[in-house]
There are 2 protein chains.
Amino acid sequence: MTMTSADAVRSREPLPLTAVTIDDRFWAPRRELIRTRTLRHQESQMRRPGQQFDALTLTWRPGDPDEPHIFWESDVAKWIEAAGHCLATTDDPELDQAVDEAIELLAGAQQDDGYLNVYFTVVKPGQRFTDLRDAHELYCAGHLIEAGVAHFEATGKTRLLDIVRRYADLIDTVFSTDGPCAGGYDGHQEIELALVKLYRVTGERRYLDLSRRLIEWRGQQPYYFELELQRRGTPGYFGTRLPRRAEELRRFREYNQSHQPVADQSEVVGHSVRAMYMYSAMTDLADEYGDERLLQAVQRLWTDLTTKKLYVTGGMGSDPSIEGFGPAYDLPDAHGYAETCASIGLVQWAQRLSNLTGQGHYVDTLERALYNGVLSGASADGTRYFYGNPLASGGAVARQEWFQCACCPPNLARLISELGRYIYAQGPGEAVVNLYVAGTGRFTLAGGEVTLRQDTRYPQDGRLAVTVTPADGEAEFTVSIRIPGWSRRPAVTVNGEPVHRPALRDGYLTLHRRWRAGDLIEIDLDMEVRRTWAHPAVASAAGKVALERGPIVFCLEGVDHDCPVHTLTLGRDTRIHAVPDERTGVVTLHADATTDADADGLLYSDQPPGRSSAALTAVPYFSWANRGPSDMTVWIRDGGDG
Amino acid sequence: MTMTSADAVRSREPLPLTAVTIDDRFWAPRRELIRTRTLRHQESQMRRPGQQFDALTLTWRPGDPDEPHIFWESDVAKWIEAAGHCLATTDDPELDQAVDEAIELLAGAQQDDGYLNVYFTVVKPGQRFTDLRDAHELYCAGHLIEAGVAHFEATGKTRLLDIVRRYADLIDTVFSTDGPCAGGYDGHQEIELALVKLYRVTGERRYLDLSRRLIEWRGQQPYYFELELQRRGTPGYFGTRLPRRAEELRRFREYNQSHQPVADQSEVVGHSVRAMYMYSAMTDLADEYGDERLLQAVQRLWTDLTTKKLYVTGGMGSDPSIEGFGPAYDLPDAHGYAETCASIGLVQWAQRLSNLTGQGHYVDTLERALYNGVLSGASADGTRYFYGNPLASGGAVARQEWFQCACCPPNLARLISELGRYIYAQGPGEAVVNLYVAGTGRFTLAGGEVTLRQDTRYPQDGRLAVTVTPADGEAEFTVSIRIPGWSRRPAVTVNGEPVHRPALRDGYLTLHRRWRAGDLIEIDLDMEVRRTWAHPAVASAAGKVALERGPIVFCLEGVDHDCPVHTLTLGRDTRIHAVPDERTGVVTLHADATTDADADGLLYSDQPPGRSSAALTAVPYFSWANRGPSDMTVWIRDGGDG
């Protein structure tokens, strides 16, 4: 057995959903919940009278109630995409039929020239593509395209794919270099990454070129959105006018990352979801065109995000007023934002970067977002949602059943139902394990088929067994298994034989050999509870510590304590016990702590609060707010060395 | 000399502005700044084309730019009121003329029937008094009435008083028990306290009765604002519709304190300025009508505010989304609100309560608000303003030149220019000193005139000398001097002789004797720096301490430090040095502290930050943000006992 690794790790590709099974105790029930409850719940929300499904009938007339909303196609599209992901691996005739019905509604709403947007068909006819900054027209188109691609890949049906191709063809014409919208692009990025998917599934290069045009035009001067405002002469959908003051004008441009050409950008600014979708598209285009400048840009932006603007939960976008980024280190806990969709976007971007560069640390961040900032977005029963995911709460925060702008719920559904695409990747002669999820991945390597089977209770514990089964009995290739950065000294055996000093390359354990059916790789990751401190510039975490174990970030929840959770102080040397729930595998932490005791009942006193002992219980952040109203904090007062 | 106190301390009255002089180093320059810069600056803002002054010409027509704003009369009125306060004690022909000009504009805008509101005259004619909840119609009327009263009291001119009486007469008819708006009241309380002033200056009891009706109708069922919405059939000015969900309906009602009859209210809720103005009017009415139920209500509300919902700066209203109160102990620092106008309202309310009950502790809170949460509202040069007054900032907060809703700037101007009314009060046979401000107060006691002269450098130090001068050479009466609750053992002498165990009654040193011209009372208050801790339920102050000295609350400002101010930790036994600026008298605090040192540059690390020593400088909270952008915190990390 040799332990070198392949040189060419670039441009790995995710395994398709149809090549992956998931049968673990953590994710499999969550995926099933999406299919059996969440998607049904969301469908019923959108089927309410006057809502998304009704709007697609194009029967709304001025003066009627329930004016169709500019976002609504994207809700339907994300729901179809999520349903498609489910249908890729699970037979569900009822869901299949509901999706087909929605697709027929979309077909009916499509105009003769391929245009497909309810708002600009019945509410503002004749005003297509005149408010690109605010009206989310191409954003909705992008989600429709993603839905068309996902539905085709899942079911082989081309009905929706054909619809979105006709629409994409129209957009390609309108946004051609000599089209009426030459130089333009959408205020909310999304179509750029969708067009790359459409290119990959159809092979039509003009979709890729259109994506590149939209990305390259963005941020060029004169600024398109300012020309557009002048040309139109009326405020944008959200009442947008051109700001007069320089500072406001800067924010106006940064809000949707159109303040400078994207390849020149270095700082993550503006609306966080838009940023994540744009960086994802830039990474795709860097890959497709071998564009080093774009790659360098997204790597600079990644560094800025992860060293200055990312919550420990993998949330981001701390400023509610723009649903976006504040200054460096500005990460308020109770009053931040951390939109679920932004963490979802981070997962998508991190996957693209890891597959393009072969670097495992991107997946560390992906995992941080996935198990924390994304998963917190939905309730345990799958039918209530967080839009923002604060790191502390006084008790008034609760998940909602739905939102007027309901972007997060179906976005979460499509990510969880697409989880299979994030677990494995395939490179030249290389089978890659990125996430630890019990189940199988079926690879095609050097012409032969290879199955990897993972057995693990992760994240309950850190033991992982990977059984390698080349279909032909044996074959030579590399198995690369990501080793998280937090795991110091993983113990590795192959067929029971310890591997001393296992080779780690770019965050992966890389095992190259001639594999025989039944070869068994076993890894034992360090799952000690970790204390994590933030950079001193983070005000909300000053004097505080967070608890992590494996990929899970913990929090304190009021329902487990007799005192406000912000009064609890954890000593630095205090032993922390991790206790799994044997039914669900979810781990809870327990430790001795102290709490502030009320000195004299006064609001302000010249006497410091006394201290008394208290039992501290920490639960996974993703699980909070499932047991009624409760205060909560991720950052725990740090008792210091003393 | 006997040291008993008068029994009847109730219903003290403030000395009028014309009976007070101020010649100290702290307030006198600030009052002068209001007259010479702030009022000029505000006048120029309101004289801009299309703004307040132009609107009063009633020449705006639909389709014109600069639609008159519903608040604009109140801006003009508060400015006139502030100018009036200045003219009461200072000859300023230019200001006098500017005010007369504004009054003529108001006269020209008044309709034949006395109605005076630009918005409902030119923008929404025919819709008077149909959107009481949102449109601020009586709120503007209230400020006009206050301006009319102040201008008359200052100058003896009746021009504006006559205008507002005609308007008040119209309102009295419309809001009579059989008028078209019977049962109604304004969404923003203000007119209720204004009508009491109008009654007091005119002697017309129906103004007082109208005030009482508006207060008594408030919160009765069926709820007026809900009837109004139904009757009108269109959303309110701010797009208001009747919420469907019970929780939102509760907030809808609480927002303007109309959720239950005011005499039954016990918890301060909703918009904070509205609350303060209402509680002020309730206190006035409790006084005028001897209404014990109203008095008990405002005392309950006071207790709720000061034990659960008041910032240490005297700011209040922690929830920016409603410019109002959150739950008990919900007092976020960087992300709170604490509107300048609310602290101004608290000053007004506290004065009424202290004068009605004779309790000095109300003035302790008044002083807390005045020297901190109010004074921070304006820049050192008097031309830039805070609307919200956060207790911490990452550095992005700065005062603004003006606001679209510019309620705070002229409100601050009128309070500071009216300061003379807050220093002294007069009861039966009693001269009261509430605030320590060098200058004089001229009382009328038992038929004779008495002058008290204060000499003090307060708040630079705690020494106060009060010279008593009966005009007739000698007279018997009580001098009551408030002793702040934070001053433990004031040293008191009369004519140089120590007063052992001075009698403190209800927070006042009460000295009853036959006073002779030149009698000298000297008091030396404890001005040690005080460490103040918040109730453990206050999350933003957990593990932190505030510094106070006299009435001043301090803060740390980034411009004085090489590290983020939230990294500084102050030991509990560390000596704190108070250093006055000999020119301005403003005191700065200095102490040794420690700071977090960046361990490894990572955003998140498994290594705690190191500690290094640092020099801590604390400046008065009111003075922050005058030296460029800077981070700031009032709550300082408390090194604890160790």
# chains A, B, ... in the order shown; residues from 1 in each chain; ligands from 1
$ interface_residues --of "chain A" --to "chain B" --cutoff "7 Å" --atoms "only C-alpha atoms" --output "PDB file with N, CA, C and O atoms, in the first residue's frame"
ATOM      1  N   THR A 307     -12.408  35.241   8.044  1.00  0.00           N
ATOM      2  CA  THR A 307     -11.545  35.799   9.097  1.00  0.00           C
ATOM      3  C   THR A 307     -12.143  37.040   9.740  1.00  0.00           C
ATOM      4  O   THR A 307     -11.626  37.517  10.741  1.00  0.00           O
ATOM      5  N   LYS A 308     -13.255  37.565   9.183  1.00  0.00           N
ATOM      6  CA  LYS A 308     -13.776  38.818   9.742  1.00  0.00           C
ATOM      7  C   LYS A 308     -15.285  38.922   9.858  1.00  0.00           C
ATOM      8  O   LYS A 308     -15.774  39.769  10.594  1.00  0.00           O
ATOM      9  N   HIS A 335     -28.874  40.856  18.252  1.00  0.00           N
ATOM     10  CA  HIS A 335     -29.409  41.821  17.294  1.00  0.00           C
ATOM     11  C   HIS A 335     -28.763  41.716  15.928  1.00  0.00           C
ATOM     12  O   HIS A 335     -28.761  42.679  15.164  1.00  0.00           O
ATOM     13  N   ARG A 531     -13.510  24.349  23.654  1.00  0.00           N
ATOM     14  CA  ARG A 531     -13.830  25.734  24.001  1.00  0.00           C
ATOM     15  C   ARG A 531     -13.299  26.617  22.872  1.00  0.00           C
ATOM     16  O   ARG A 531     -12.157  26.471  22.455  1.00  0.00           O
ATOM     17  N   THR A 532     -14.133  27.526  22.410  1.00  0.00           N
ATOM     18  CA  THR A 532     -13.750  28.392  21.291  1.00  0.00           C
ATOM     19  C   THR A 532     -13.893  29.853  21.698  1.00  0.00           C
ATOM     20  O   THR A 532     -14.929  30.250  22.247  1.00  0.00           O
ATOM     21  N   TRP A 533     -12.835  30.607  21.440  1.00  0.00           N
ATOM     22  CA  TRP A 533     -12.872  32.045  21.727  1.00  0.00           C
ATOM     23  C   TRP A 533     -12.875  32.819  20.420  1.00  0.00           C
ATOM     24  O   TRP A 533     -12.260  32.393  19.430  1.00  0.00           O
ATOM     25  N   ALA A 534     -13.541  33.948  20.433  1.00  0.00           N
ATOM     26  CA  ALA A 534     -13.563  34.799  19.231  1.00  0.00           C
ATOM     27  C   ALA A 534     -12.409  35.790  19.281  1.00  0.00           C
ATOM     28  O   ALA A 534     -11.834  36.065  20.340  1.00  0.00           O
ATOM     29  N   HIS A 535     -12.084  36.325  18.139  1.00  0.00           N
ATOM     30  CA  HIS A 535     -11.105  37.407  18.040  1.00  0.00           C
ATOM     31  C   HIS A 535     -11.525  38.530  18.990  1.00  0.00           C
ATOM     32  O   HIS A 535     -12.726  38.834  19.100  1.00  0.00           O
ATOM     33  N   PRO A 536     -10.561  39.159  19.668  1.00  0.00           N
ATOM     34  CA  PRO A 536     -10.936  40.198  20.645  1.00  0.00           C
ATOM     35  C   PRO A 536     -11.765  41.337  20.060  1.00  0.00           C
ATOM     36  O   PRO A 536     -12.480  42.011  20.804  1.00  0.00           O
ATOM     37  N   ALA A 537     -11.720  41.534  18.768  1.00  0.00           N
ATOM     38  CA  ALA A 537     -12.489  42.639  18.181  1.00  0.00           C
ATOM     39  C   ALA A 537     -13.990  42.354  18.119  1.00  0.00           C
ATOM     40  O   ALA A 537     -14.767  43.267  17.851  1.00  0.00           O
ATOM     41  N   ALA A 539     -17.215  42.248  19.684  1.00  0.00           N
ATOM     42  CA  ALA A 539     -17.746  42.773  20.950  1.00  0.00           C
ATOM     43  C   ALA A 539     -18.695  41.792  21.634  1.00  0.00           C
ATOM     44  O   ALA A 539     -18.653  41.627  22.850  1.00  0.00           O
ATOM     45  N   ALA A 542     -16.813  39.176  23.710  1.00  0.00           N
ATOM     46  CA  ALA A 542     -15.742  39.588  24.620  1.00  0.00           C
ATOM     47  C   ALA A 542     -15.973  39.004  26.011  1.00  0.00           C
ATOM     48  O   ALA A 542     -17.057  39.122  26.569  1.00  0.00           O
ATOM     49  N   PRO A 564     -31.485  33.488  34.088  1.00  0.00           N
ATOM     50  CA  PRO A 564     -31.226  33.913  32.705  1.00  0.00           C
ATOM     51  C   PRO A 564     -29.889  33.317  32.243  1.00  0.00           C
ATOM     52  O   PRO A 564     -28.917  33.307  33.002  1.00  0.00           O
ATOM     53  N   HIS A 566     -27.654  34.343  30.314  1.00  0.00           N
ATOM     54  CA  HIS A 566     -26.498  35.253  30.231  1.00  0.00           C
ATOM     55  C   HIS A 566     -25.820  35.441  31.585  1.00  0.00           C
ATOM     56  O   HIS A 566     -24.761  36.048  31.653  1.00  0.00           O
ATOM     57  N   THR A 567     -26.454  34.977  32.660  1.00  0.00           N
ATOM     58  CA  THR A 567     -25.805  35.106  33.976  1.00  0.00           C
ATOM     59  C   THR A 567     -24.862  33.944  34.260  1.00  0.00           C
ATOM     60  O   THR A 567     -24.107  33.986  35.232  1.00  0.00           O
ATOM     61  N   ASP A 596     -25.071  34.745  38.451  1.00  0.00           N
ATOM     62  CA  ASP A 596     -25.260  35.972  39.224  1.00  0.00           C
ATOM     63  C   ASP A 596     -26.525  35.852  40.054  1.00  0.00           C
ATOM     64  O   ASP A 596     -27.565  35.433  39.547  1.00  0.00           O
ATOM     65  N   ALA A 597     -26.434  36.269  41.300  1.00  0.00           N
ATOM     66  CA  ALA A 597     -27.626  36.292  42.146  1.00  0.00           C
ATOM     67  C   ALA A 597     -27.999  37.747  42.385  1.00  0.00           C
ATOM     68  O   ALA A 597     -27.139  38.603  42.581  1.00  0.00           O
ATOM     69  N   ASP A 598     -29.278  37.998  42.351  1.00  0.00           N
ATOM     70  CA  ASP A 598     -29.805  39.343  42.534  1.00  0.00           C
ATOM     71  C   ASP A 598     -29.417  39.849  43.922  1.00  0.00           C
ATOM     72  O   ASP A 598     -29.713  39.223  44.935  1.00  0.00           O
ATOM     73  N   GLY A 601     -32.523  43.558  44.300  1.00  0.00           N
ATOM     74  CA  GLY A 601     -33.747  43.792  43.537  1.00  0.00           C
ATOM     75  C   GLY A 601     -33.765  45.099  42.784  1.00  0.00           C
ATOM     76  O   GLY A 601     -34.706  45.376  42.046  1.00  0.00           O
ATOM     77  N   LEU A 602     -32.749  45.921  42.953  1.00  0.00           N
ATOM     78  CA  LEU A 602     -32.723  47.209  42.263  1.00  0.00           C
ATOM     79  C   LEU A 602     -32.319  47.018  40.808  1.00  0.00           C
ATOM     80  O   LEU A 602     -31.599  46.086  40.465  1.00  0.00           O
ATOM     81  N   LEU A 603     -32.777  47.938  39.954  1.00  0.00           N
ATOM     82  CA  LEU A 603     -32.335  47.901  38.567  1.00  0.00           C
ATOM     83  C   LEU A 603     -30.859  48.282  38.492  1.00  0.00           C
ATOM     84  O   LEU A 603     -30.093  47.665  37.752  1.00  0.00           O
ATOM     85  N   TYR A 604     -30.466  49.288  39.294  1.00  0.00           N
ATOM     86  CA  TYR A 604     -29.053  49.684  39.376  1.00  0.00           C
ATOM     87  C   TYR A 604     -28.665  49.766  40.836  1.00  0.00           C
ATOM     88  O   TYR A 604     -29.405  50.308  41.643  1.00  0.00           O
ATOM     89  N   SER A 605     -27.506  49.227  41.136  1.00  0.00           N
ATOM     90  CA  SER A 605     -27.121  49.094  42.533  1.00  0.00           C
ATOM     91  C   SER A 605     -25.635  49.381  42.676  1.00  0.00           C
ATOM     92  O   SER A 605     -24.849  49.170  41.748  1.00  0.00           O
ATOM     93  N   ASP A 606     -25.229  49.842  43.865  1.00  0.00           N
ATOM     94  CA  ASP A 606     -23.800  49.988  44.104  1.00  0.00           C
ATOM     95  C   ASP A 606     -23.205  48.700  44.667  1.00  0.00           C
ATOM     96  O   ASP A 606     -22.036  48.662  45.025  1.00  0.00           O
ATOM     97  N   GLN A 607     -24.010  47.666  44.730  1.00  0.00           N
ATOM     98  CA  GLN A 607     -23.526  46.358  45.171  1.00  0.00           C
ATOM     99  C   GLN A 607     -23.442  45.412  43.980  1.00  0.00           C
ATOM    100  O   GLN A 607     -24.401  45.281  43.221  1.00  0.00           O
ATOM    101  N   PRO A 608     -22.310  44.743  43.807  1.00  0.00           N
ATOM    102  CA  PRO A 608     -22.225  43.774  42.715  1.00  0.00           C
ATOM    103  C   PRO A 608     -23.135  42.584  43.003  1.00  0.00           C
ATOM    104  O   PRO A 608     -23.395  42.265  44.166  1.00  0.00           O
ATOM    105  N   PRO A 609     -23.592  41.917  41.939  1.00  0.00           N
ATOM    106  CA  PRO A 609     -24.402  40.727  42.181  1.00  0.00           C
ATOM    107  C   PRO A 609     -23.565  39.648  42.863  1.00  0.00           C
ATOM    108  O   PRO A 609     -22.368  39.530  42.605  1.00  0.00           O
TER     109      PRO A 609
END
$ residues_around --residues "A:Ile483" --least-positions-apart "6" --cutoff "7 Å" --atoms "only C-alpha atoms" --output "list in words"
Gly507, Tyr508 and Leu509 of chain A
$ atom_distance --atom1 "atom CA of B:Arg575" --atom2 "atom CA of B:His590"
8.6 Å
$ residues_around --residues "A:Glu254" --least-positions-apart "6" --cutoff "9 Å" --atoms "only C-alpha atoms" --output "MDAnalysis selection string"
chainID A and resid 260 269:271
$ residues_around --residues "stretch 98-100 of chain B" --least-positions-apart "3" --cutoff "10 Å" --atoms "only C-alpha atoms" --output "ChimeraX atom specification"
/B:40,43,76-77,79-81,83-84,93-95,103-106,151,157,159-160
$ write_last_selection --atoms "C-alpha atoms" --output "short mmCIF file (atom, residue, chain, number, x, y, z; two decimals), in the first residue's frame"
data_model
loop_
_atom_site.label_atom_id
_atom_site.label_comp_id
_atom_site.auth_asym_id
_atom_site.auth_seq_id
_atom_site.Cartn_x
_atom_site.Cartn_y
_atom_site.Cartn_z
CA ARG B 40 -30.35 79.52 14.15
CA GLU B 43 -34.38 77.84 11.62
CA VAL B 76 -42.02 74.94 14.08
CA ALA B 77 -43.91 74.99 17.38
CA TRP B 79 -38.67 75.88 17.84
CA ILE B 80 -40.93 78.83 18.75
CA GLU B 81 -41.32 77.46 22.26
CA ALA B 83 -37.05 80.66 21.28
CA GLY B 84 -39.70 81.90 23.69
CA PRO B 93 -34.29 91.21 18.65
CA GLU B 94 -33.23 89.09 15.71
CA LEU B 95 -34.64 85.92 17.24
CA ILE B 103 -46.11 83.15 14.02
CA GLU B 104 -47.47 85.20 11.12
CA LEU B 105 -46.98 82.18 8.87
CA LEU B 106 -49.03 80.15 11.33
CA HIS B 151 -44.34 82.74 23.83
CA LYS B 157 -47.45 88.93 23.24
CA ARG B 159 -50.67 86.76 18.95
CA LEU B 160 -49.84 83.05 19.01
#
$ residues_around --residues "stretch 549-552 of chain A" --least-positions-apart "4" --cutoff "10 Å" --atoms "only C-alpha atoms" --output "ChimeraX atom specification"
/A:313,364-372,458-462,484,486-487,525-531,578,586-587,589,619-622
$ residues_around --residues "stretch 138-147 of chain B" --least-positions-apart "6" --cutoff "8 Å" --atoms "only C-alpha atoms" --output "JSON list (two decimals) with N, CA, C and O atoms, in the first residue's frame"
[["chain", "number", "residue", "atom", "x", "y", "z"],
["B", 71, "PHE", "N", -45.77, 66.01, 10.51],
["B", 71, "PHE", "CA", -45.18, 66.47, 11.78],
["B", 71, "PHE", "C", -44.79, 67.95, 11.78],
["B", 71, "PHE", "O", -44.35, 68.46, 12.80],
["B", 72, "TRP", "N", -44.85, 68.62, 10.64],
["B", 72, "TRP", "CA", -44.10, 69.86, 10.50],
["B", 72, "TRP", "C", -44.51, 71.00, 11.43],
["B", 72, "TRP", "O", -43.67, 71.78, 11.86],
["B", 73, "GLU", "N", -45.81, 71.12, 11.73],
["B", 73, "GLU", "CA", -46.18, 72.17, 12.69],
["B", 73, "GLU", "C", -45.48, 71.97, 14.03],
["B", 73, "GLU", "O", -45.15, 72.92, 14.72],
["B", 74, "SER", "N", -45.30, 70.70, 14.40],
["B", 74, "SER", "CA", -44.69, 70.47, 15.72],
["B", 74, "SER", "C", -43.23, 70.92, 15.73],
["B", 74, "SER", "O", -42.74, 71.39, 16.75],
["B", 77, "ALA", "N", -43.40, 74.64, 16.05],
["B", 77, "ALA", "CA", -43.91, 74.99, 17.38],
["B", 77, "ALA", "C", -42.84, 74.81, 18.45],
["B", 77, "ALA", "O", -42.66, 75.67, 19.32],
["B", 78, "LYS", "N", -42.11, 73.69, 18.40],
["B", 78, "LYS", "CA", -41.08, 73.47, 19.43],
["B", 78, "LYS", "C", -39.96, 74.49, 19.30],
["B", 78, "LYS", "O", -39.39, 74.93, 20.30],
["B", 80, "ILE", "N", -40.40, 77.58, 18.18],
["B", 80, "ILE", "CA", -40.93, 78.83, 18.75],
["B", 80, "ILE", "C", -40.92, 78.75, 20.28],
["B", 80, "ILE", "O", -40.55, 79.71, 20.96],
["B", 81, "GLU", "N", -41.29, 77.59, 20.81],
["B", 81, "GLU", "CA", -41.32, 77.46, 22.26],
["B", 81, "GLU", "C", -39.91, 77.66, 22.84],
["B", 81, "GLU", "O", -39.73, 78.39, 23.82],
["B", 84, "GLY", "N", -38.99, 81.18, 22.64],
["B", 84, "GLY", "CA", -39.70, 81.90, 23.69],
["B", 84, "GLY", "C", -38.97, 81.79, 25.03],
["B", 84, "GLY", "O", -38.77, 82.78, 25.73],
["B", 116, "LEU", "N", -55.85, 74.51, 12.15],
["B", 116, "LEU", "CA", -54.49, 74.89, 11.78],
["B", 116, "LEU", "C", -53.62, 73.65, 11.60],
["B", 116, "LEU", "O", -52.99, 73.16, 12.54],
["B", 117, "ASN", "N", -53.64, 73.10, 10.40],
["B", 117, "ASN", "CA", -52.80, 71.93, 10.10],
["B", 117, "ASN", "C", -52.62, 71.88, 8.60],
["B", 117, "ASN", "O", -53.59, 71.75, 7.85],
["B", 132, "LEU", "N", -56.84, 59.73, 13.50],
["B", 132, "LEU", "CA", -56.25, 60.19, 14.77],
["B", 132, "LEU", "C", -55.11, 59.29, 15.19],
["B", 132, "LEU", "O", -54.17, 59.73, 15.84],
["B", 160, "LEU", "N", -49.79, 84.50, 19.20],
["B", 160, "LEU", "CA", -49.84, 83.05, 19.01],
["B", 160, "LEU", "C", -50.82, 82.40, 19.99],
["B", 160, "LEU", "O", -51.51, 81.44, 19.66],
["B", 161, "LEU", "N", -50.86, 82.95, 21.20],
["B", 161, "LEU", "CA", -51.80, 82.40, 22.18],
["B", 161, "LEU", "C", -53.24, 82.50, 21.66],
["B", 161, "LEU", "O", -54.02, 81.56, 21.78],
["B", 164, "VAL", "N", -53.78, 79.79, 19.00],
["B", 164, "VAL", "CA", -53.95, 78.42, 19.48],
["B", 164, "VAL", "C", -55.22, 78.29, 20.33],
["B", 164, "VAL", "O", -55.81, 77.21, 20.39],
["B", 165, "ARG", "N", -55.67, 79.37, 20.94],
["B", 165, "ARG", "CA", -56.94, 79.28, 21.66],
["B", 165, "ARG", "C", -58.09, 79.02, 20.69],
["B", 165, "ARG", "O", -58.97, 78.22, 20.96],
["B", 167, "TYR", "N", -57.86, 77.53, 17.90],
["B", 167, "TYR", "CA", -57.75, 76.14, 17.44],
["B", 167, "TYR", "C", -58.23, 75.19, 18.55],
["B", 167, "TYR", "O", -58.98, 74.24, 18.30],
["B", 168, "ALA", "N", -57.83, 75.49, 19.78],
["B", 168, "ALA", "CA", -58.24, 74.65, 20.91],
["B", 168, "ALA", "C", -59.77, 74.68, 21.07],
["B", 168, "ALA", "O", -60.40, 73.67, 21.40],
["B", 185, "TYR", "N", -59.21, 60.34, 20.60],
["B", 185, "TYR", "CA", -57.98, 60.89, 21.20],
["B", 185, "TYR", "C", -56.88, 60.66, 20.20],
["B", 185, "TYR", "O", -57.04, 59.89, 19.24],
["B", 186, "ASP", "N", -55.76, 61.32, 20.39],
["B", 186, "ASP", "CA", -54.70, 61.24, 19.39],
["B", 186, "ASP", "C", -53.80, 60.03, 19.60],
["B", 186, "ASP", "O", -53.56, 59.62, 20.74],
["B", 188, "HIS", "N", -50.67, 59.99, 19.20],
["B", 188, "HIS", "CA", -49.47, 60.47, 19.89],
["B", 188, "HIS", "C", -49.90, 61.52, 20.92],
["B", 188, "HIS", "O", -50.19, 62.66, 20.58],
["B", 189, "GLN", "N", -49.88, 61.10, 22.17],
["B", 189, "GLN", "CA", -50.24, 62.01, 23.24],
["B", 189, "GLN", "C", -49.30, 63.21, 23.24],
["B", 189, "GLN", "O", -48.11, 63.09, 22.96],
["B", 190, "GLU", "N", -49.87, 64.36, 23.57],
["B", 190, "GLU", "CA", -49.11, 65.61, 23.68],
["B", 190, "GLU", "C", -50.09, 66.74, 24.04],
["B", 190, "GLU", "O", -49.85, 67.53, 24.93],
["B", 191, "ILE", "N", -51.23, 66.75, 23.32],
["B", 191, "ILE", "CA", -52.19, 67.84, 23.53],
["B", 191, "ILE", "C", -52.72, 67.83, 24.96],
["B", 191, "ILE", "O", -53.09, 68.88, 25.50],
["B", 192, "GLU", "N", -52.74, 66.65, 25.60],
["B", 192, "GLU", "CA", -53.32, 66.56, 26.94],
["B", 192, "GLU", "C", -52.56, 67.44, 27.93],
["B", 192, "GLU", "O", -53.15, 68.17, 28.73],
["B", 193, "LEU", "N", -51.21, 67.37, 27.89],
["B", 193, "LEU", "CA", -50.44, 68.21, 28.82],
["B", 193, "LEU", "C", -50.46, 69.67, 28.36],
["B", 193, "LEU", "O", -50.42, 70.60, 29.18],
["B", 194, "ALA", "N", -50.55, 69.89, 27.04],
["B", 194, "ALA", "CA", -50.59, 71.26, 26.52],
["B", 194, "ALA", "C", -51.87, 71.97, 26.98],
["B", 194, "ALA", "O", -51.84, 73.16, 27.32],
["B", 195, "LEU", "N", -52.97, 71.23, 26.98],
["B", 195, "LEU", "CA", -54.24, 71.85, 27.38],
["B", 195, "LEU", "C", -54.23, 72.25, 28.86],
["B", 195, "LEU", "O", -54.86, 73.23, 29.24],
["B", 197, "LYS", "N", -51.58, 73.32, 30.39],
["B", 197, "LYS", "CA", -50.84, 74.60, 30.37],
["B", 197, "LYS", "C", -51.74, 75.74, 29.91],
["B", 197, "LYS", "O", -51.70, 76.84, 30.46],
["B", 198, "LEU", "N", -52.54, 75.45, 28.86],
["B", 198, "LEU", "CA", -53.42, 76.49, 28.32],
["B", 198, "LEU", "C", -54.46, 76.92, 29.37],
["B", 198, "LEU", "O", -54.75, 78.11, 29.53]]
$ select_by_dssp --residues "stretch 168-366 of chain A" --states "strand (DSSP E or B)" --output "number ranges by chain"
A: 271, 310, 316, 319, 324, 339
$ select_by_dssp --residues "stretch 402-459 of chain B" --states "alpha helix (DSSP H)" --output "list in words"
Cys408, Pro409, Pro410, Asn411, Leu412, Ala413, Arg414, Leu415, Ile416, Ser417, Gly420, Arg421, Tyr422 and Ile423 of chain B
$ write_last_selection --atoms "C-alpha atoms" --output "CSV table (one decimal), in the first residue's frame"
chain,number,residue,atom,x,y,z
B,408,CYS,CA,-35.6,65.6,18.8
B,409,PRO,CA,-33.5,68.6,17.8
B,410,PRO,CA,-36.1,71.3,18.7
B,411,ASN,CA,-37.3,69.3,21.7
B,412,LEU,CA,-33.8,69.3,23.1
B,413,ALA,CA,-33.6,73.1,22.4
B,414,ARG,CA,-36.8,73.8,24.3
B,415,LEU,CA,-35.7,71.7,27.3
B,416,ILE,CA,-32.3,73.3,27.7
B,417,SER,CA,-33.6,76.8,27.2
B,420,GLY,CA,-34.5,77.5,34.7
B,421,ARG,CA,-37.9,76.0,35.4
B,422,TYR,CA,-36.3,72.8,36.7
B,423,ILE,CA,-33.9,74.3,39.2
